[in-house]
file my_file_1.cif (mmCIF, C-alpha atoms)
data_start
#
loop_
_atom_site.label_atom_id
_atom_site.label_comp_id
_atom_site.auth_asym_id
_atom_site.auth_seq_id
_atom_site.Cartn_x
_atom_site.Cartn_y
_atom_site.Cartn_z
CA MET Z 1 0.00 0.00 0.00
CA PRO Z 2 2.30 2.82 -1.15
CA GLN Z 3 1.48 6.14 0.48
CA VAL Z 4 2.31 9.47 -1.10
CA ALA Z 5 2.94 12.71 0.80
CA VAL Z 6 2.22 15.78 -1.34
CA VAL Z 7 4.09 18.39 0.69
CA THR Z 8 2.13 21.63 0.47
CA PHE Z 9 3.38 24.87 2.00
CA ASP Z 10 1.50 28.06 2.74
CA GLY Z 11 1.13 30.09 -0.47
CA PHE Z 12 0.97 26.89 -2.53
CA ASN Z 13 0.02 26.71 -6.20
CA GLU Z 14 -3.19 24.67 -6.50
CA LEU Z 15 -2.19 23.21 -9.88
CA ASP Z 16 1.00 21.71 -8.50
CA SER Z 17 -0.42 20.00 -5.41
CA PHE Z 18 -3.86 19.05 -6.68
CA ILE Z 19 -3.12 17.77 -10.18
CA ALA Z 20 -0.52 15.37 -8.74
CA SER Z 21 -2.65 14.26 -5.79
CA ALA Z 22 -5.88 13.87 -7.77
CA LEU Z 23 -4.23 11.79 -10.50
CA ILE Z 24 -2.48 9.54 -7.97
CA ASN Z 25 -5.69 9.15 -5.96
CA ARG Z 26 -7.40 7.61 -8.96
CA CYS Z 27 -5.32 4.56 -7.93
CA ARG Z 28 -6.74 4.33 -4.41
CA LYS Z 29 -8.57 1.14 -5.40
CA ASP Z 30 -5.14 -0.34 -6.18
CA GLY Z 31 -3.72 0.77 -2.83
CA LEU Z 32 -1.80 3.86 -3.97
CA GLU Z 33 -2.95 6.92 -2.04
CA ALA Z 34 -1.85 10.56 -1.87
CA PHE Z 35 -2.33 12.97 1.01
CA ILE Z 36 -1.94 16.75 1.17
CA THR Z 37 0.81 17.04 3.77
CA THR Z 38 1.26 20.38 5.48
CA PRO Z 39 3.56 22.01 8.07
CA THR Z 40 0.56 23.57 9.83
CA PRO Z 41 -3.00 22.21 10.22
CA GLN Z 42 -4.26 24.70 7.62
CA VAL Z 43 -2.51 26.25 4.65
CA THR Z 44 -3.73 28.98 2.32
CA SER Z 45 -3.05 28.82 -1.41
CA MET Z 46 -1.51 31.63 -3.46
CA ASN Z 47 -5.08 32.47 -4.49
CA GLY Z 48 -6.49 32.55 -0.96
CA VAL Z 49 -8.01 29.05 -0.80
CA GLU Z 50 -7.79 27.65 2.73
CA VAL Z 51 -7.16 23.92 2.84
CA ALA Z 52 -6.90 21.57 5.82
CA GLY Z 53 -3.85 19.32 5.64
CA GLN Z 54 -4.66 15.61 5.43
CA ARG Z 55 -1.41 14.59 7.09
CA PRO Z 56 1.08 16.46 9.32
CA MET Z 57 4.63 17.03 8.12
CA GLU Z 58 5.86 14.03 10.17
CA PHE Z 59 4.08 11.81 7.62
CA VAL Z 60 7.00 12.34 5.20
CA THR Z 61 9.13 9.90 7.20
CA GLU Z 62 6.67 7.02 6.77
CA ALA Z 63 5.54 7.85 3.23
CA ASP Z 64 6.86 5.72 0.37
CA VAL Z 65 6.74 8.68 -1.99
CA VAL Z 66 7.27 12.37 -1.18
CA LEU Z 67 6.40 15.09 -3.69
CA ILE Z 68 7.35 18.68 -2.89
CA GLY Z 69 4.77 21.10 -4.28
CA SER Z 70 5.39 24.64 -5.37
CA GLY Z 71 4.13 28.06 -4.43
CA ILE Z 72 4.94 31.70 -3.85
CA LYS Z 73 6.67 31.14 -0.50
CA THR Z 74 9.10 28.32 -1.29
CA ARG Z 75 12.11 30.61 -0.91
CA GLU Z 76 10.96 31.45 2.62
CA ALA Z 77 10.48 27.73 3.27
CA VAL Z 78 14.02 26.81 2.19
CA ALA Z 79 15.44 29.63 4.34
CA ASP Z 80 13.74 28.10 7.39
CA GLU Z 81 16.16 25.53 8.84
CA ARG Z 82 13.54 24.22 11.27
CA LEU Z 83 11.12 23.56 8.43
CA LEU Z 84 13.80 21.83 6.34
CA SER Z 85 14.75 19.66 9.33
CA ARG Z 86 11.19 18.33 9.23
CA LEU Z 87 11.96 16.78 5.81
CA PRO Z 88 14.37 13.93 6.58
CA LEU Z 89 13.96 12.26 3.19
CA ASP Z 90 15.68 9.02 2.25
CA PRO Z 91 16.12 8.36 -1.48
CA SER Z 92 17.36 4.83 -0.78
CA ARG Z 93 13.85 3.76 0.26
CA GLN Z 94 11.60 6.63 -0.96
CA LEU Z 95 10.64 8.02 -4.34
CA ILE Z 96 11.15 11.78 -4.11
CA GLY Z 97 9.88 14.36 -6.58
CA SER Z 98 9.52 18.09 -6.88
CA GLN Z 99 7.28 20.43 -8.84
CA CYS Z 100 8.57 23.84 -10.03
CA SER Z 101 10.02 25.72 -7.03
CA GLY Z 102 9.98 22.46 -5.04
CA ALA Z 103 13.32 21.79 -6.76
CA LEU Z 104 14.79 24.42 -4.42
CA VAL Z 105 13.84 22.24 -1.47
CA LEU Z 106 15.49 19.17 -3.00
CA ALA Z 107 18.58 21.28 -3.82
CA ARG Z 108 18.83 22.52 -0.23
CA LEU Z 109 18.43 18.95 1.04
CA GLY Z 110 21.33 17.87 -1.21
CA LEU Z 111 19.14 15.42 -3.12
CA LEU Z 112 19.81 16.63 -6.68
CA ASN Z 113 22.61 15.18 -8.72
CA GLY Z 114 23.52 18.51 -10.34
CA VAL Z 115 20.51 18.79 -12.70
CA ALA Z 116 16.82 19.57 -12.30
CA CYS Z 117 13.65 20.72 -14.02
CA THR Z 118 11.89 23.76 -12.65
CA ASP Z 119 9.81 26.70 -13.85
CA GLN Z 120 11.22 29.88 -15.42
CA LYS Z 121 10.63 31.99 -12.31
CA SER Z 122 12.42 29.55 -10.00
CA ARG Z 123 15.22 28.88 -12.49
CA PRO Z 124 17.74 31.54 -11.29
CA PHE Z 125 17.29 30.45 -7.67
CA VAL Z 126 17.81 26.79 -8.51
CA GLU Z 127 20.86 27.70 -10.63
CA ALA Z 128 22.22 29.67 -7.65
CA CYS Z 129 22.35 26.31 -5.84
CA ASP Z 130 24.83 25.09 -8.51
CA ILE Z 131 22.17 23.05 -10.28
CA THR Z 132 21.90 22.95 -14.09
CA VAL Z 133 18.30 23.57 -15.08
CA LEU Z 134 17.10 21.52 -18.05
CA ASP Z 135 14.81 22.86 -20.79
CA LEU Z 136 12.56 19.89 -20.22
CA PRO Z 137 9.25 19.33 -18.43
CA PHE Z 138 10.46 16.27 -16.51
CA HIS Z 139 13.67 14.57 -15.44
CA SER Z 140 14.33 11.60 -13.17
CA GLU Z 141 17.45 9.90 -12.00
CA GLY Z 142 17.07 6.82 -9.85
CA ASN Z 143 14.54 7.64 -7.16
CA ILE Z 144 14.58 11.42 -7.65
CA ALA Z 145 12.41 13.33 -10.12
CA THR Z 146 11.86 17.00 -10.88
CA ALA Z 147 9.20 18.64 -13.05
CA GLY Z 148 8.85 22.18 -14.40
CA GLY Z 149 5.80 24.17 -15.51
CA CYS Z 150 2.54 23.86 -13.55
CA LEU Z 151 0.83 21.40 -15.91
CA SER Z 152 3.81 19.03 -15.83
CA SER Z 153 2.51 17.95 -12.42
CA GLN Z 154 0.65 15.37 -14.52
CA TYR Z 155 4.04 13.96 -15.50
CA LEU Z 156 5.19 13.78 -11.89
CA ALA Z 157 2.03 11.82 -11.07
CA THR Z 158 2.61 9.59 -14.12
CA TRP Z 159 6.13 8.84 -12.83
CA VAL Z 160 4.84 7.95 -9.36
CA ILE Z 161 2.12 5.67 -10.70
CA THR Z 162 4.49 4.01 -13.20
CA ARG Z 163 7.15 3.38 -10.56
CA THR Z 164 4.72 2.01 -7.95
CA LEU Z 165 2.00 0.23 -9.95
CA GLY Z 166 3.42 0.06 -13.47
CA GLU Z 167 2.85 1.79 -16.78
CA ASP Z 168 -0.54 0.15 -17.41
CA ALA Z 169 -1.94 1.78 -14.28
CA ALA Z 170 -0.58 5.18 -15.38
CA HIS Z 171 -2.12 4.60 -18.83
CA ASP Z 172 -5.55 4.00 -17.29
CA VAL Z 173 -5.42 7.12 -15.11
CA LEU Z 174 -4.31 9.36 -17.98
CA ASP Z 175 -6.99 7.89 -20.22
CA TYR Z 176 -9.60 8.69 -17.58
CA VAL Z 177 -8.59 12.31 -16.91
CA ALA Z 178 -7.85 13.23 -20.54
CA PRO Z 179 -10.05 15.76 -22.31
CA VAL Z 180 -12.75 13.84 -24.23
CA GLY Z 181 -11.41 12.90 -27.67
CA GLU Z 182 -7.79 13.60 -26.69
CA ASN Z 183 -7.28 10.34 -24.82
CA GLN Z 184 -4.60 8.77 -26.96
CA GLN Z 185 -2.49 11.90 -27.31
CA THR Z 186 -2.75 12.70 -23.59
CA VAL Z 187 -1.69 9.18 -22.59
CA GLU Z 188 1.15 8.94 -25.11
CA ARG Z 189 2.51 12.40 -24.37
CA ALA Z 190 2.73 11.77 -20.63
CA LEU Z 191 4.17 8.26 -20.89
CA ASN Z 192 6.74 9.47 -23.45
CA VAL Z 193 7.79 12.49 -21.40
CA VAL Z 194 8.37 10.29 -18.37
CA ARG Z 195 10.23 7.63 -20.39
CA MET Z 196 12.41 10.23 -22.12
CA GLY Z 197 13.08 12.08 -18.87
CA GLU Z 198 14.40 9.03 -17.14
CA VAL Z 199 18.14 8.62 -16.73
CA SER Z 200 18.55 5.03 -15.71
CA LEU Z 201 21.04 4.51 -12.93
CA ARG Z 202 19.54 1.24 -11.85
CA MET K 203 -13.55 43.68 -12.80
CA PRO K 204 -15.16 40.40 -13.91
CA GLN K 205 -15.67 37.99 -11.03
CA VAL K 206 -15.91 34.23 -11.52
CA ALA K 207 -17.79 31.84 -9.23
CA VAL K 208 -16.38 28.31 -9.42
CA VAL K 209 -19.30 26.40 -7.90
CA THR K 210 -17.87 23.53 -5.90
CA PHE K 211 -20.08 20.92 -4.24
CA ASP K 212 -19.22 18.42 -1.54
CA GLY K 213 -17.42 15.42 -3.07
CA PHE K 214 -15.87 17.69 -5.71
CA ASN K 215 -13.11 16.67 -8.10
CA GLU K 216 -10.02 18.79 -7.36
CA LEU K 217 -8.93 18.83 -11.02
CA ASP K 218 -12.19 20.37 -12.17
CA SER K 219 -12.45 23.22 -9.65
CA PHE K 220 -8.78 24.02 -9.14
CA ILE K 221 -7.41 23.88 -12.69
CA ALA K 222 -10.11 26.34 -13.81
CA SER K 223 -9.76 28.65 -10.80
CA ALA K 224 -5.95 28.65 -10.75
CA LEU K 225 -5.68 29.45 -14.47
CA ILE K 226 -8.25 32.24 -14.24
CA ASN K 227 -6.57 33.66 -11.13
CA ARG K 228 -3.37 34.20 -13.09
CA CYS K 229 -5.35 37.18 -14.48
CA ARG K 230 -5.99 38.78 -11.09
CA LYS K 231 -3.57 41.58 -12.02
CA ASP K 232 -5.90 42.33 -14.95
CA GLY K 233 -8.98 42.35 -12.74
CA LEU K 234 -10.34 38.88 -13.53
CA GLU K 235 -10.72 36.82 -10.37
CA ALA K 236 -12.11 33.38 -9.52
CA PHE K 237 -13.50 32.23 -6.19
CA ILE K 238 -14.30 28.74 -4.94
CA THR K 239 -18.03 29.10 -4.28
CA THR K 240 -19.67 26.55 -2.02
CA PRO K 241 -23.15 25.71 -0.66
CA THR K 242 -21.72 25.19 2.84
CA PRO K 243 -18.79 26.99 4.54
CA GLN K 244 -16.60 23.90 4.09
CA VAL K 245 -16.68 21.21 1.42
CA THR K 246 -14.70 17.98 1.24
CA SER K 247 -13.28 16.73 -2.04
CA MET K 248 -13.80 13.22 -3.44
CA ASN K 249 -10.34 12.46 -2.05
CA GLY K 250 -11.02 13.79 1.44
CA VAL K 251 -9.46 17.25 1.14
CA GLU K 252 -11.37 19.79 3.24
CA VAL K 253 -11.56 23.23 1.67
CA ALA K 254 -13.10 26.43 2.97
CA GLY K 255 -15.33 28.15 0.43
CA GLN K 256 -14.15 31.61 -0.61
CA ARG K 257 -17.66 32.78 -1.41
CA PRO K 258 -21.13 31.56 -0.36
CA MET K 259 -23.55 30.23 -2.96
CA GLU K 260 -25.34 33.61 -3.09
CA PHE K 261 -22.27 34.96 -4.91
CA VAL K 262 -23.51 33.30 -8.13
CA THR K 263 -26.10 36.05 -8.58
CA GLU K 264 -23.48 38.84 -8.61
CA ALA K 265 -20.74 36.94 -10.46
CA ASP K 266 -20.10 37.76 -14.12
CA VAL K 267 -19.08 34.18 -14.84
CA VAL K 268 -20.35 31.00 -13.18
CA LEU K 269 -18.58 27.67 -13.68
CA ILE K 270 -20.18 24.52 -12.29
CA GLY K 271 -17.53 22.05 -11.14
CA SER K 272 -17.85 18.31 -11.05
CA GLY K 273 -17.64 15.60 -8.44
CA ILE K 274 -19.03 12.34 -7.14
CA LYS K 275 -22.18 13.86 -5.66
CA THR K 276 -23.52 15.93 -8.56
CA ARG K 277 -26.47 13.61 -9.05
CA GLU K 278 -27.47 14.21 -5.42
CA ALA K 279 -27.02 17.94 -5.99
CA VAL K 280 -29.34 18.03 -9.02
CA ALA K 281 -31.96 16.03 -7.12
CA ASP K 282 -31.99 18.70 -4.41
CA GLU K 283 -34.52 21.35 -5.47
CA ARG K 284 -33.45 23.71 -2.69
CA LEU K 285 -29.84 23.57 -3.82
CA LEU K 286 -30.84 24.15 -7.48
CA SER K 287 -32.97 27.12 -6.44
CA ARG K 288 -29.77 28.71 -5.11
CA LEU K 289 -28.46 28.85 -8.69
CA PRO K 290 -30.61 31.52 -10.40
CA LEU K 291 -28.29 31.91 -13.38
CA ASP K 292 -28.90 34.39 -16.17
CA PRO K 293 -27.24 33.65 -19.53
CA SER K 294 -28.26 37.06 -20.87
CA ARG K 295 -25.74 38.77 -18.61
CA GLN K 296 -23.51 35.94 -17.33
CA LEU K 297 -21.05 33.55 -18.95
CA ILE K 298 -21.99 30.08 -17.70
CA GLY K 299 -19.89 26.94 -18.01
CA SER K 300 -19.83 23.40 -16.72
CA GLN K 301 -17.16 20.79 -16.22
CA CYS K 302 -17.97 17.05 -16.61
CA SER K 303 -20.98 16.23 -14.40
CA GLY K 304 -21.63 19.95 -14.00
CA ALA K 305 -23.48 19.61 -17.33
CA LEU K 306 -26.24 17.84 -15.38
CA VAL K 307 -26.78 21.00 -13.36
CA LEU K 308 -27.03 23.13 -16.52
CA ALA K 309 -29.41 20.56 -18.03
CA ARG K 310 -31.65 20.65 -14.96
CA LEU K 311 -31.62 24.45 -15.04
CA GLY K 312 -32.75 24.34 -18.69
CA LEU K 313 -29.64 26.17 -19.88
CA LEU K 314 -28.45 23.72 -22.53
CA ASN K 315 -29.57 24.03 -26.12
CA GLY K 316 -29.82 20.27 -26.65
CA VAL K 317 -26.08 19.50 -26.77
CA ALA K 318 -23.25 19.33 -24.24
CA CYS K 319 -19.80 18.00 -23.49
CA THR K 320 -19.35 15.84 -20.41
CA ASP K 321 -17.27 12.90 -19.20
CA GLN K 322 -17.97 9.25 -20.02
CA LYS K 323 -19.35 8.46 -16.55
CA SER K 324 -21.82 11.33 -16.60
CA ARG K 325 -22.78 10.78 -20.23
CA PRO K 326 -25.82 8.48 -19.70
CA PHE K 327 -27.24 10.80 -17.05
CA VAL K 328 -26.85 13.85 -19.28
CA GLU K 329 -28.39 11.92 -22.20
CA ALA K 330 -31.30 10.99 -19.93
CA CYS K 331 -32.05 14.75 -19.79
CA ASP K 332 -32.58 14.68 -23.61
CA ILE K 333 -29.20 16.24 -24.27
CA THR K 334 -26.95 15.00 -27.10
CA VAL K 335 -23.44 14.46 -25.74
CA LEU K 336 -20.66 15.44 -28.12
CA ASP K 337 -17.41 13.46 -28.54
CA LEU K 338 -15.51 16.68 -27.97
CA PRO K 339 -13.62 18.18 -25.04
CA PHE K 340 -15.33 21.57 -25.29
CA HIS K 341 -18.41 23.20 -26.77
CA SER K 342 -19.84 26.67 -26.43
CA GLU K 343 -22.92 28.34 -27.77
CA GLY K 344 -23.42 32.00 -27.01
CA ASN K 345 -22.79 32.49 -23.30
CA ILE K 346 -22.98 28.80 -22.36
CA ALA K 347 -20.04 26.38 -22.45
CA THR K 348 -19.56 22.75 -21.44
CA ALA K 349 -16.35 20.74 -21.11
CA GLY K 350 -15.72 17.02 -20.71
CA GLY K 351 -12.76 15.09 -19.25
CA CYS K 352 -11.03 16.43 -16.12
CA LEU K 353 -8.10 18.05 -17.90
CA SER K 354 -10.39 19.97 -20.26
CA SER K 355 -10.98 22.31 -17.33
CA GLN K 356 -8.03 24.18 -18.87
CA TYR K 357 -10.23 24.76 -21.93
CA LEU K 358 -13.08 26.10 -19.83
CA ALA K 359 -10.64 28.54 -18.21
CA THR K 360 -9.29 29.47 -21.66
CA TRP K 361 -12.84 30.26 -22.81
CA VAL K 362 -13.51 32.43 -19.77
CA ILE K 363 -10.27 34.38 -20.16
CA THR K 364 -10.76 34.77 -23.93
CA ARG K 365 -14.33 36.01 -23.53
CA THR K 366 -13.52 38.47 -20.72
CA LEU K 367 -9.98 39.71 -21.45
CA GLY K 368 -9.28 38.47 -24.97
CA GLU K 369 -7.24 35.73 -26.60
CA ASP K 370 -3.89 37.40 -25.88
CA ALA K 371 -4.53 37.14 -22.15
CA ALA K 372 -5.45 33.46 -22.50
CA HIS K 373 -2.29 32.93 -24.55
CA ASP K 374 -0.13 34.39 -21.76
CA VAL K 375 -1.73 32.26 -19.04
CA LEU K 376 -1.39 29.05 -21.05
CA ASP K 377 2.22 29.89 -21.88
CA TYR K 378 2.92 30.38 -18.17
CA VAL K 379 1.33 27.15 -16.91
CA ALA K 380 2.54 24.92 -19.78
CA PRO K 381 5.06 22.17 -19.08
CA VAL K 382 8.56 23.56 -19.80
CA GLY K 383 9.35 23.07 -23.50
CA GLU K 384 5.72 22.40 -24.41
CA ASN K 385 4.65 26.03 -24.40
CA GLN K 386 3.68 26.44 -28.03
CA GLN K 387 1.77 23.17 -28.30
CA THR K 388 -0.07 23.79 -25.02
CA VAL K 389 -1.13 27.30 -26.05
CA GLU K 390 -2.15 26.31 -29.59
CA ARG K 391 -4.05 23.22 -28.50
CA ALA K 392 -6.16 25.12 -25.96
CA LEU K 393 -6.86 28.13 -28.18
CA ASN K 394 -7.80 25.84 -31.08
CA VAL K 395 -10.09 23.64 -28.99
CA VAL K 396 -11.94 26.70 -27.74
CA ARG K 397 -12.15 28.24 -31.24
CA MET K 398 -13.35 24.98 -32.79
CA GLY K 399 -15.82 24.34 -29.96
CA GLU K 400 -17.54 27.63 -30.44
CA VAL K 401 -20.87 27.79 -32.22
CA SER K 402 -21.40 31.43 -32.91
CA LEU K 403 -24.92 32.64 -32.27
CA ARG K 404 -23.88 36.22 -31.84
#

call {"tool": "encode", "arguments": {"input": "my_file_1.cif", "output": "C-alpha cells"}}
result
Amino acid sequence: MPQVAVVTFDGFNELDSFIASALINRCRKDGLEAFITTPTPQVTSMNGVEVAGQRPMEFVTEADVVLIGSGIKTREAVADERLLSRLPLDPSRQLIGSQCSGALVLARLGLLNGVACTDQKSRPFVEACDITVLDLPFHSEGNIATAGGCLSSQYLATWVITRTLGEDAAHDVLDYVAPVGENQQTVERALNVVRMGEVSLR
Amino acid sequence: MPQVAVVTFDGFNELDSFIASALINRCRKDGLEAFITTPTPQVTSMNGVEVAGQRPMEFVTEADVVLIGSGIKTREAVADERLLSRLPLDPSRQLIGSQCSGALVLARLGLLNGVACTDQKSRPFVEACDITVLDLPFHSEGNIATAGGCLSSQYLATWVITRTLGEDAAHDVLDYVAPVGENQQTVERALNVVRMGEVSLR
C-alpha cells in the first residue's frame, strides 16, 4: 500500500499540489494513495483558498513517496532551517519528486545530482544552488524526479504511478482524466515524457 | 472587474475546480478573479481534502461568470430542489460553463440548447435529460459552455479568459502554466479547442 505525501506549503500553487494528488488518488482502489501534507493544520493557497492538511509534516518519514509542491513562499520555506529539518527524506527507500520551485527544497536537502527541471521563475534560484536547469518538463534519476511548468505535475504523477503500480496503471489514469477525444495523445505524451526524462542509474 | 464563481459541491473533483480557478486567477492583475463558491462553509473533495469556500452560494447572482464544477455527488445535488434554487443563473448577462458532471446542473436548469460536453461516466445521465453528448472536449454556444474530461478544465478557463480579457490574455496564461518546453503546443491546442468548440450565435 504505497502512500504518497504531497508536501504543500502556505502560499501553494493549487495546480501543483492538486493535479498530482488527484491523479495519484485515482489509484486508491489499487492501494496507492496521496495525502496533502502540510507544516501547519491549515494552509492557504496563493489564491487565498484555505485547505486543511490531510497529514502532518511528520508523515513524510513514513511515506513511500514524497512530492514537494510549489508556491509563492518556497524561498521562505528553504530559508527556514527548522522547516527543512522536518523533511528527513531518504532516497534509498523513498521516491522523491519536486514540482517547479519544489526543486529548491530538493537542492537545499542535497538530493539533486547537479541537474533539475523547474519553472522559469524559479530557475535563477535553482541555478544559484549550482544546479543545471534543463529545458525539459520532466527529469528523473534513480529515485529522484523534478518537473517544471505547472501542468507538468501530470508527469510527476505519471512517474509515481508508473514506478509504484506500473505503466498500465498510469495509462488508465491518464486515459480517464484526458479531455474527451484527446485520450490517446494525452496518454502517449505523458508516458513518453516520463520515459524520455528518465536517466537510468539502476 | 469580472468575477468568476467556481461552484464547488461536496465530493468535488479537485482537477475540475482548481485547474479552472488557478488558471483564471493568473489574471488577477488584470482584474479577472475566480473564487471557490460553495453551498456550505466547508466542502470535502472526493479524495477527502477539506476546503473552505471563498464565497457563499449567493455569490452566483453577482458573479459575471459562473462555472459549475464536477464531483461524485452531482447527481445528489441536481436532485436537491433547494440547492438548485440557489443557482438563479442568467445567460443574458452571465457567462456560464460546466465541467464534466456539471453539465447535469445546466441541463436541470434548462440552460443547454440540446447539446453538451461531459465525461464518459456522466454521459448516460446527461443523455437521460434529452441532451446529445458530443465526442468533444469543449463546446460553447453563445454564453454557455460545457467541457468534458477532467483536464479539459483548462479549456473552460481558456474560454472564460478569452471572452472576458481576450485571446492574448489566455495565450499568456497558457504559456505560463505549460510544461517547460511544451509552451507552443499547449497554447495552440487550448486556443484551437476553444475556437473549434464555439458555435457562434452572436

call {"tool": "resolve_selection", "arguments": {"input": "my_file_1.cif", "expression": "the PyMOL selection byres ((chain Z and resi 160-166) around 12)", "output": "count of residues only"}}
result
57

call {"tool": "resolve_selection", "arguments": {"input": "my_file_1.cif", "expression": "the PyMOL selection byres ((chain K and resi 239) around 6)", "output": "list in words"}}
result
Ala207, Val208, Val209, Thr210, Phe237, Ile238, Thr240, Gly255, Gln256, Arg257, Pro258 and Met259 of chain K

call {"tool": "resolve_selection", "arguments": {"input": "my_file_1.cif", "expression": "the PyMOL selection byres ((chain K and resi 247) around 12)", "output": "PyMOL selection string"}}
result
(chain Z and resi 18+21-22+25+35-36+51-52+54) or (chain K and resi 210-220+240+244-246+248-255+271-275)

call {"tool": "write_last_selection", "arguments": {"input": "my_file_1.cif", "atoms": "C-alpha atoms", "output": "PDB file, in the frame of the given file"}}
result
ATOM      1  CA  PHE Z  18      -3.860  19.050  -6.680  1.00  0.00           C
ATOM      2  CA  SER Z  21      -2.650  14.260  -5.790  1.00  0.00           C
ATOM      3  CA  ALA Z  22      -5.880  13.870  -7.770  1.00  0.00           C
ATOM      4  CA  ASN Z  25      -5.690   9.150  -5.960  1.00  0.00           C
ATOM      5  CA  PHE Z  35      -2.330  12.970   1.010  1.00  0.00           C
ATOM      6  CA  ILE Z  36      -1.940  16.750   1.170  1.00  0.00           C
ATOM      7  CA  VAL Z  51      -7.160  23.920   2.840  1.00  0.00           C
ATOM      8  CA  ALA Z  52      -6.900  21.570   5.820  1.00  0.00           C
ATOM      9  CA  GLN Z  54      -4.660  15.610   5.430  1.00  0.00           C
TER      10      GLN Z  54
ATOM     11  CA  THR K 210     -17.870  23.530  -5.900  1.00  0.00           C
ATOM     12  CA  PHE K 211     -20.080  20.920  -4.240  1.00  0.00           C
ATOM     13  CA  ASP K 212     -19.220  18.420  -1.540  1.00  0.00           C
ATOM     14  CA  GLY K 213     -17.420  15.420  -3.070  1.00  0.00           C
ATOM     15  CA  PHE K 214     -15.870  17.690  -5.710  1.00  0.00           C
ATOM     16  CA  ASN K 215     -13.110  16.670  -8.100  1.00  0.00           C
ATOM     17  CA  GLU K 216     -10.020  18.790  -7.360  1.00  0.00           C
ATOM     18  CA  LEU K 217      -8.930  18.830 -11.020  1.00  0.00           C
ATOM     19  CA  ASP K 218     -12.190  20.370 -12.170  1.00  0.00           C
ATOM     20  CA  SER K 219     -12.450  23.220  -9.650  1.00  0.00           C
ATOM     21  CA  PHE K 220      -8.780  24.020  -9.140  1.00  0.00           C
ATOM     22  CA  THR K 240     -19.670  26.550  -2.020  1.00  0.00           C
ATOM     23  CA  GLN K 244     -16.600  23.900   4.090  1.00  0.00           C
ATOM     24  CA  VAL K 245     -16.680  21.210   1.420  1.00  0.00           C
ATOM     25  CA  THR K 246     -14.700  17.980   1.240  1.00  0.00           C
ATOM     26  CA  MET K 248     -13.800  13.220  -3.440  1.00  0.00           C
ATOM     27  CA  ASN K 249     -10.340  12.460  -2.050  1.00  0.00           C
ATOM     28  CA  GLY K 250     -11.020  13.790   1.440  1.00  0.00           C
ATOM     29  CA  VAL K 251      -9.460  17.250   1.140  1.00  0.00           C
ATOM     30  CA  GLU K 252     -11.370  19.790   3.240  1.00  0.00           C
ATOM     31  CA  VAL K 253     -11.560  23.230   1.670  1.00  0.00           C
ATOM     32  CA  ALA K 254     -13.100  26.430   2.970  1.00  0.00           C
ATOM     33  CA  GLY K 255     -15.330  28.150   0.430  1.00  0.00           C
ATOM     34  CA  GLY K 271     -17.530  22.050 -11.140  1.00  0.00           C
ATOM     35  CA  SER K 272     -17.850  18.310 -11.050  1.00  0.00           C
ATOM     36  CA  GLY K 273     -17.640  15.600  -8.440  1.00  0.00           C
ATOM     37  CA  ILE K 274     -19.030  12.340  -7.140  1.00  0.00           C
ATOM     38  CA  LYS K 275     -22.180  13.860  -5.660  1.00  0.00           C
TER      39      LYS K 275
END

call {"tool": "atom_distance", "arguments": {"input": "my_file_1.cif", "atom1": "CA of Asp175 (chain Z)", "atom2": "CA of Gly350 (chain K)"}}
result
12.6 Å

call {"tool": "interface_residues", "arguments": {"input": "my_file_1.cif", "of": "chain K", "to": "chain Z", "cutoff": "6 Å", "atoms": "all atoms listed in the file", "output": "ChimeraX atom specification"}}
result
/K:217,221,252-254,338-339,350-354,379-383

call {"tool": "atom_distance", "arguments": {"input": "my_file_1.cif", "atom1": "CA of Leu289 (chain K)", "atom2": "CA of Leu311 (chain K)"}}
result
8.3 Å

call {"tool": "atom_distance", "arguments": {"input": "my_file_1.cif", "atom1": "CA of Cys331 (chain K)", "atom2": "CA of Val280 (chain K)"}}
result
11.6 Å

call {"tool": "residues_around", "arguments": {"input": "my_file_1.cif", "residues": "Leu306 (chain K)", "least_positions_apart": "2", "cutoff": "10 Å", "atoms": "all atoms listed in the file", "output": "PyMOL selection string"}}
result
chain K and resi 270+272+276-277+279-280+300-304+308-312+314+318+320+324-325+327-331+333
